[in-house]
Structure formats: structure tokens, C-alpha cells
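Heads up, the thing below is written out as C-alpha cells.
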Amino acid sequence: MSMTDEEILKKLEDSTKDATCQQLESLRSILEHQSGGGGVRYLQPHLLQHYDATVDANTFRQALPLSSYDDYVDHINQMADGLVEHDHPLLSVDPLLCFFYSSGASTMKPKLIPYFDSKLSKAASFIAHQGSNAIHRR
């Protein structure tokens, strides 16, 4: 069943009205998903005391400082070199599909970005693309 342009735009508008609530829900959903099967190795040193439980958004923000690409680059390079243990994922429990390069605009050097087959990412991309198409049809 496909949605009308008005329904798509209403859904997109509703999902952006309370950005803080949406971000917290997205983070909760990601943390719940990524904690399955022992979780990802990147998070384990930061969340050792919460290892056996799903971590809530507040605990996550307290335990894990803001990060940059440099905090992930060693893991990304290991994945790119094929040094991945599938029973101990590095950055995501979802399958790695491919890598792409960023534009390099911020550092004048492109960054290697992993792309994972994630239901959450697909859902967000889908509504964004549908919304964009609905706007263009107006």
C-alpha cells in the first residue's frame, strides 16, 4: 500500500516535530539493537559495567564521550583490510555492505565510511527519499 504525497509529508513532519524525543528514541533503538549478541567491540571498553544489560541513552552519554572519525579509523581500517571476526563485530552487529568515501571537504582528505545493512538506516532513508520526491512533485 503506497502513501499519498500528503501522507508522506505529514509522516515526515511528525517525525521531525520533537527532534529531541526522536533522537532519544533513535539512540535507544540503536543501543538495543547493537547490544544483541554481545554487542560491538568499539563500545565494550566504555560500557563494561553495563555489559549484560541494554544501555539507556543517559548511561550511554555519560559513559561514551563525543567522538570523531579518528576514534573509529582503526576499526574502519581493520574492516577494510578484512580483519573482522563475525562473532565479535567492531562497529555494528549489522552486515557490512560496502565502503564509500566522504567528500573530504572538512579535512581536504576523503574518509573511508562503512555502510551497514541496517533496518533503522533503511527506514530513515526511505522516508527521507519519499519526502523529497513528494516535495518535488508539488
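How things are named: the first chain in the C-alpha cells is A, the next is B, and so on; residues count from 1 in each chain; ligands count from 1 in the order shown.
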Among the residues of stretch 16-137 of chain A, find those DSSP assigns to strand (DSSP E or B) from the backbone and print them as a ChimeraX atom specification. /A:96-101,112-116
Write a file of the just-selected residues containing C-alpha atoms, as a JSON list (two decimals), in the first residue's frame.
[["chain", "number", "residue", "atom", "x", "y", "z"],
["A", 96, "LEU", "CA", 28.84, -4.63, 6.29],
["A", 97, "LEU", "CA", 27.71, -3.98, 2.73],
["A", 98, "CYS", "CA", 30.43, -1.74, 1.37],
["A", 99, "PHE", "CA", 32.55, 1.32, 1.96],
["A", 100, "PHE", "CA", 32.27, 4.72, 0.40],
["A", 101, "TYR", "CA", 34.42, 7.83, 0.63],
["A", 112, "LEU", "CA", 36.50, 5.81, 4.34],
["A", 113, "ILE", "CA", 32.94, 5.28, 5.60],
["A", 114, "PRO", "CA", 31.49, 1.80, 6.22],
["A", 115, "TYR", "CA", 27.88, 1.20, 5.14],
["A", 116, "PHE", "CA", 25.93, -1.42, 7.10]]
For A:Ile135, list every protein, DNA or RNA residue within 9 Å, evaluated using only C-alpha atoms, and leave out those in the same chain fewer than 5 positions away; present the list as an MDAnalysis selection string. chainID A and resid 5 9 130
Go ahead and write the selection's residues with C-alpha atoms as a PDB file, in the first residue's frame.
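Contents of selection.pdb, freshly written:
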ATOM      1  CA  ASP A   5       2.234  12.741  -1.020  1.00  0.00           C
ATOM      2  CA  LEU A   9       4.830  14.777   4.146  1.00  0.00           C
ATOM      3  CA  GLN A 130       9.817   9.635  -0.176  1.00  0.00           C
TER       4      GLN A 130
END
List the spatial neighbours of A:Leu43 as number ranges by chain - criterion: any atom at most 9 Å away, only C-alpha atoms, same-chain residues fewer than 6 positions off excluded. A: 64, 90-91
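Between atom CA of A:Leu83 and atom CA of A:Lys111 lies a distance of 18.7 Å.
Going from atom CA of A:Ser132 over to atom CA of A:Asp18, you cover 19.9 Å.
Closest to A:Val73 among A:Tyr42, A:Leu24, A:Ala123, A:Gly131 is A:Tyr42, based on only C-alpha atoms.
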